[in-house]
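Raw contents of work_36.cif, mmCIF, C-alpha atoms:
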data_final
#
loop_
_atom_site.label_atom_id
_atom_site.label_comp_id
_atom_site.auth_asym_id
_atom_site.auth_seq_id
_atom_site.Cartn_x
_atom_site.Cartn_y
_atom_site.Cartn_z
CA MET A 1 0.00 0.00 0.00
CA LYS A 2 1.29 3.46 -0.93
CA SER A 3 2.11 5.70 2.00
CA ILE A 4 1.69 9.46 1.76
CA ILE A 5 4.81 11.12 3.16
CA SER A 6 5.97 14.56 2.13
CA PRO A 7 9.42 14.79 0.53
CA TYR A 8 10.79 17.04 3.29
CA ILE A 9 12.41 15.49 6.31
CA ILE A 10 9.70 14.60 8.75
CA SER A 11 9.91 14.45 12.50
CA CYS A 12 10.46 11.28 14.45
CA SER A 13 6.91 11.38 15.83
CA GLN A 14 5.42 11.80 12.35
CA ARG A 15 7.50 8.89 11.02
CA GLU A 16 6.26 6.75 13.88
CA GLY A 17 2.64 7.70 13.18
CA MET A 18 3.05 6.82 9.51
CA ARG A 19 4.75 3.53 10.44
CA ARG A 20 1.87 2.63 12.69
CA ILE A 21 -0.68 3.24 9.95
CA LYS A 22 0.97 0.36 8.10
CA MET A 23 0.00 -1.93 10.99
CA MET A 24 -3.69 -1.14 10.60
CA SER A 25 -6.21 -2.96 8.44
CA GLU A 26 -5.98 -2.35 4.71
CA GLU A 27 -9.35 -0.60 4.89
CA ASP A 28 -8.11 1.84 7.54
CA GLN A 29 -4.82 2.41 5.68
CA ALA A 30 -6.72 3.19 2.48
CA ALA A 31 -9.09 5.60 4.25
CA ILE A 32 -6.24 7.50 5.93
CA ASN A 33 -4.06 7.65 2.81
CA ASP A 34 -7.04 8.77 0.70
CA ALA A 35 -7.81 11.56 3.19
CA LEU A 36 -4.17 12.66 3.19
CA GLU A 37 -4.05 12.67 -0.63
CA ARG A 38 -7.26 14.70 -0.92
CA ASN A 39 -6.60 16.84 2.17
CA ASP A 40 -10.15 16.04 3.27
CA PHE A 41 -10.49 14.77 6.80
CA THR A 42 -14.27 14.62 7.02
CA GLY A 43 -15.18 11.31 5.37
CA GLU A 44 -16.88 8.55 7.33
CA ALA A 45 -14.21 5.94 6.47
CA TYR A 46 -11.42 8.30 7.54
CA LEU A 47 -13.11 9.19 10.82
CA LYS A 48 -13.66 5.48 11.57
CA ALA A 49 -9.99 4.75 10.80
CA VAL A 50 -8.87 7.56 13.13
CA ASP A 51 -11.15 6.19 15.85
CA ASN A 52 -9.51 2.78 15.41
CA TYR A 53 -6.03 4.37 15.55
CA MET A 54 -6.88 6.37 18.67
CA ASP A 55 -8.43 3.32 20.37
CA ARG A 56 -5.19 1.48 19.80
CA TYR A 57 -2.81 4.23 20.99
CA CYS A 58 -4.67 6.77 23.07
CA ASN A 59 -8.27 6.35 24.20
CA TYR A 60 -8.92 5.39 27.75
CA TRP A 61 -12.68 5.42 28.30
CA ARG A 62 -13.79 2.75 30.71
CA GLU A 63 -16.07 2.52 33.74
CA ASP A 64 -13.49 2.85 36.52
CA LEU A 65 -11.86 6.10 35.42
CA PRO A 66 -10.12 8.21 38.05
CA GLU A 67 -11.76 11.52 38.90
CA CYS A 68 -9.23 13.53 36.86
CA CYS A 69 -10.71 11.97 33.71
CA THR A 70 -14.37 12.53 34.52
CA ARG A 71 -14.42 16.15 35.63
CA PRO A 72 -15.64 18.75 33.08
CA LYS A 73 -12.92 20.12 30.84
CA LYS A 74 -12.43 21.97 27.60
CA SER A 75 -11.08 19.83 24.79
CA GLY A 76 -8.54 22.28 23.41
CA GLY A 77 -9.67 21.44 19.88
CA GLU A 78 -9.10 24.95 18.54
CA ALA A 79 -5.53 25.11 19.86
CA TYR A 80 -4.79 21.60 18.53
CA LEU A 81 -6.14 22.51 15.10
CA TYR A 82 -4.04 25.70 15.06
CA GLY A 83 -0.85 24.02 16.25
CA TRP A 84 -1.02 20.57 14.62
CA GLY A 85 -3.73 20.76 11.98
CA PRO A 86 -6.88 18.87 10.98
CA ASN A 87 -5.42 15.35 11.03
CA GLU A 88 -3.37 13.27 13.43
CA PHE A 89 -0.80 12.03 10.92
CA VAL A 90 0.75 14.89 8.95
CA PRO A 91 1.13 18.24 10.72
CA SER A 92 0.00 21.28 8.77
CA GLY A 93 -0.44 23.80 11.60
CA THR A 94 2.08 26.18 13.11
CA LEU A 95 4.11 23.26 14.52
CA LYS A 96 4.58 21.52 11.16
CA ASP A 97 8.22 22.62 10.82
CA PHE A 98 9.06 22.48 14.53
CA GLU A 99 11.75 19.96 15.34
CA TYR A 100 13.02 19.76 18.90
CA ILE A 101 15.43 16.83 19.01
CA ASP A 102 18.61 18.87 18.51
CA ARG A 103 17.61 21.17 21.40
CA LEU A 104 16.59 18.63 24.04
CA HIS A 105 20.00 18.90 25.68
CA GLU A 106 19.07 22.49 26.61
CA ILE A 107 16.47 21.29 29.11
CA LYS A 108 18.12 21.80 32.48
CA VAL A 109 15.39 20.66 34.86
CA PRO A 110 15.01 17.02 35.90
CA SER A 111 12.51 15.40 33.55
CA LEU A 112 10.30 12.38 34.06
CA ILE A 113 9.05 10.66 30.92
CA MET A 114 6.39 8.01 31.41
CA SER A 115 4.99 6.33 28.33
CA GLY A 116 3.25 3.18 27.24
CA ILE A 117 4.28 0.53 24.78
CA SER A 118 1.14 1.35 22.76
CA ASP A 119 1.46 5.11 23.19
CA LEU A 120 0.98 7.86 20.61
CA CYS A 121 4.39 8.88 21.88
CA SER A 122 6.00 5.66 20.70
CA PRO A 123 8.87 4.05 22.64
CA LEU A 124 11.25 5.35 19.94
CA VAL A 125 10.11 8.94 20.48
CA ALA A 126 10.16 8.62 24.30
CA LYS A 127 13.62 7.03 24.28
CA THR A 128 14.91 9.74 21.96
CA MET A 129 13.76 12.34 24.49
CA ALA A 130 15.17 10.43 27.45
CA ASP A 131 18.54 9.94 25.74
CA GLU A 132 18.92 13.62 24.94
CA ILE A 133 17.49 15.35 28.03
CA PRO A 134 20.12 15.55 30.78
CA ASN A 135 18.96 14.26 34.15
CA SER A 136 15.89 12.52 32.76
CA LYS A 137 14.26 9.27 33.74
CA TRP A 138 12.11 7.21 31.39
CA ILE A 139 9.58 4.62 32.46
CA LEU A 140 8.01 2.46 29.77
CA TRP A 141 4.78 0.80 30.87
CA GLU A 142 3.42 -2.43 29.46
CA ARG A 143 -0.35 -2.48 28.87
CA ALA A 144 -0.45 1.29 28.49
CA ARG A 145 -1.30 3.81 25.81
CA HIS A 146 -0.88 7.60 25.68
CA THR A 147 -2.86 7.87 28.90
CA THR A 148 -0.48 6.02 31.20
CA PHE A 149 -2.02 7.93 34.10
CA VAL A 150 -5.21 5.91 33.44
CA ASP A 151 -3.94 2.63 32.04
CA ARG A 152 -1.39 2.24 34.84
CA HIS A 153 -2.94 4.65 37.33
CA ASP A 154 -1.63 3.20 40.61
CA ASP A 155 1.89 2.59 39.26
CA TYR A 156 1.89 6.03 37.65
CA CYS A 157 0.98 7.74 40.94
CA VAL A 158 3.66 5.83 42.87
CA GLU A 159 6.36 6.84 40.37
CA LEU A 160 5.17 10.44 40.14
CA ILE A 161 5.12 10.83 43.93
CA LYS A 162 8.63 9.35 44.19
CA TRP A 163 9.83 11.74 41.48
CA MET A 164 8.22 14.78 43.09
CA ASN A 165 9.61 13.86 46.51
CA GLU A 166 13.09 13.59 45.02
CA TYR A 167 13.04 16.81 42.99
CA ASP A 168 10.38 19.12 44.43
CA LYS A 169 12.56 20.83 47.03
#
As structure tokens - that is how I would like this structure written.
Amino acid sequence: MKSIISPYIISCSQREGMRRIKMMSEEDQAAINDALERNDFTGEAYLKAVDNYMDRYCNYWREDLPECCTRPKKSGGEAYLYGWGPNEFVPSGTLKDFEYIDRLHEIKVPSLIMSGISDLCSPLVAKTMADEIPNSKWILWERARHTTFVDRHDDYCVELIKWMNEYDK
């Protein structure tokens, strides 16, 4: 199946997103690639494919959600659209040319990176950050997606509290 990738150098996270599309059903791949070719992200097949992608790497809805997930909140859709663009896979917003990897070493505060094996922030992206940020710690959770704070809630809280106790002086 043909993959739609712009000829310019793309970011690590975009490459990972495009790689993951190839692991989806042929139907979902076709719907996403068609939407990217036509720059139309409104079709029913595309929206279904994105739902499938997000279920696999991000969504966390279940009955026993912690309170932080059930309280009213604003979605941030307008900011996301402005910064990233109308689709999850190829940035077209103001962040489309933003690449941070060569500047990660400038982060001088201790950094805790917690991610899941099935995370939108893939293990490759998380490891890249952890390798380049001085004084960082990376925890990779099994059975976790982008919402590690839900998928591994108790473990997440234990690690976060330990981190805060160590560095919040």
Which residues match the PyMOL selection byres ((chain A and resi 105) around 8) in the file above, as number ranges by chain? A: 102-104, 106-108, 132-134
Between CA of Ile117 (chain A) and CA of Glu88 (chain A), what is the distance, to one decimal in Å? 18.7 Å
Å distance separating CA of Asp34 (chain A) from CA of Arg56 (chain A), one decimal place: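 Distance reported for this atom pair: 20.5 Å.
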Computed interatomic separation between CA of Arg152 (chain A) and CA of Thr70 (chain A) (Å):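 Taking CA of Arg152 (chain A) and CA of Thr70 (chain A), their separation equals 16.6 Å.
Between Phe149 (chain A) and the residues A:Pro72, A:Gly43, A:Gly116, A:Pro91, the shortest atom-to-atom distance, using all atoms listed in the file, involves A:Gly116.
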Test item: residues at most 12 Å from Gln29 (chain A), all atoms listed in the file, excluding those fewer than 3 positions along its chain, as a ChimeraX atom specification: /A:1-4,17-26,32-36,45-50,52-53,89
Can you tell me, as a list in words, what residues are no more than 12 Å from Pro66 (chain A) when counting all atoms listed in the file, ignoring any on the same chain fewer than 2 positions away?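 In the requested format, the answer is Tyr60, Trp61, Arg62, Glu63, Asp64, Cys68, Cys69, Thr70, Arg71, Thr147, Phe149, Val150, Asp151, Arg152, His153, Asp154 and Cys157 of chain A.
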So that I have them on file, write out the residues from the current selection with C-alpha atoms, as a CSV table (one decimal), in the frame of the given file.
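The resulting file, result-v1.csv, is shown below:
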chain,number,residue,atom,x,y,z
A,60,TYR,CA,-8.9,5.4,27.8
A,61,TRP,CA,-12.7,5.4,28.3
A,62,ARG,CA,-13.8,2.8,30.7
A,63,GLU,CA,-16.1,2.5,33.7
A,64,ASP,CA,-13.5,2.8,36.5
A,68,CYS,CA,-9.2,13.5,36.9
A,69,CYS,CA,-10.7,12.0,33.7
A,70,THR,CA,-14.4,12.5,34.5
A,71,ARG,CA,-14.4,16.2,35.6
A,147,THR,CA,-2.9,7.9,28.9
A,149,PHE,CA,-2.0,7.9,34.1
A,150,VAL,CA,-5.2,5.9,33.4
A,151,ASP,CA,-3.9,2.6,32.0
A,152,ARG,CA,-1.4,2.2,34.8
A,153,HIS,CA,-2.9,4.6,37.3
A,154,ASP,CA,-1.6,3.2,40.6
A,157,CYS,CA,1.0,7.7,40.9
Measuring between only C-alpha atoms, which one of A:Phe98, A:Phe41, A:Tyr57, A:Trp141 shows the shortest distance to Tyr156 (chain A)?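 Selected residue with least distance to Tyr156 (chain A): A:Trp141.
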A:Thr42, A:Asn135, A:Gly85, A:Asp119 ranked by distance to Ser13 (chain A), top pick (using only C-alpha atoms): A:Asp119
Sorted per-residue table, region 17-118 of chain A near region 158-167 of chain A, closest atoms and distance, 12 Å, only C-alpha atoms, as a tab-separated table:
residue	atom	partner	partner_atom	distance
A:Val109	CA	A:Tyr167	CA	9.3
A:Pro110	CA	A:Tyr167	CA	7.4
A:Ser111	CA	A:Trp163	CA	9.1
A:Leu112	CA	A:Trp163	CA	7.5
A:Ile113	CA	A:Leu160	CA	10.0
A:Met114	CA	A:Glu159	CA	9.0
Residues selected by the PyMOL selection byres ((chain A and resi 11) around 9), written as a PyMOL selection string: chain A and resi 9-10+12-16+96-101
Residues of the last selection are to be written out with C-alpha atoms, as a PDB file, in the frame of the given file.
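The resulting file, selection.pdb, is reproduced below:
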ATOM      1  CA  ILE A   9      12.410  15.490   6.310  1.00  0.00           C
ATOM      2  CA  ILE A  10       9.700  14.600   8.750  1.00  0.00           C
ATOM      3  CA  CYS A  12      10.460  11.280  14.450  1.00  0.00           C
ATOM      4  CA  SER A  13       6.910  11.380  15.830  1.00  0.00           C
ATOM      5  CA  GLN A  14       5.420  11.800  12.350  1.00  0.00           C
ATOM      6  CA  ARG A  15       7.500   8.890  11.020  1.00  0.00           C
ATOM      7  CA  GLU A  16       6.260   6.750  13.880  1.00  0.00           C
ATOM      8  CA  LYS A  96       4.580  21.520  11.160  1.00  0.00           C
ATOM      9  CA  ASP A  97       8.220  22.620  10.820  1.00  0.00           C
ATOM     10  CA  PHE A  98       9.060  22.480  14.530  1.00  0.00           C
ATOM     11  CA  GLU A  99      11.750  19.960  15.340  1.00  0.00           C
ATOM     12  CA  TYR A 100      13.020  19.760  18.900  1.00  0.00           C
ATOM     13  CA  ILE A 101      15.430  16.830  19.010  1.00  0.00           C
TER      14      ILE A 101
END
Give the answer as one residue: which of A:Thr128, A:Ser115, A:Ser122, A:Thr94 has the shortest atom-to-atom distance to Leu140 (chain A), using only C-alpha atoms?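 Closest residue, counting only C-alpha atoms: A:Ser115.
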Restricting the calculation to all atoms listed in the file: of A:Asn87, A:Asn39, A:Ser136, A:Ser118, which residue gets closest to Asp51 (chain A)?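 So, comparing all the options, the nearest one is A:Asn87.
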Here is a test: counting all atoms listed in the file, which residue of A:Cys121, A:Asp40, A:Asp155, A:Met129 is nearest to Pro86 (chain A)? A:Asp40
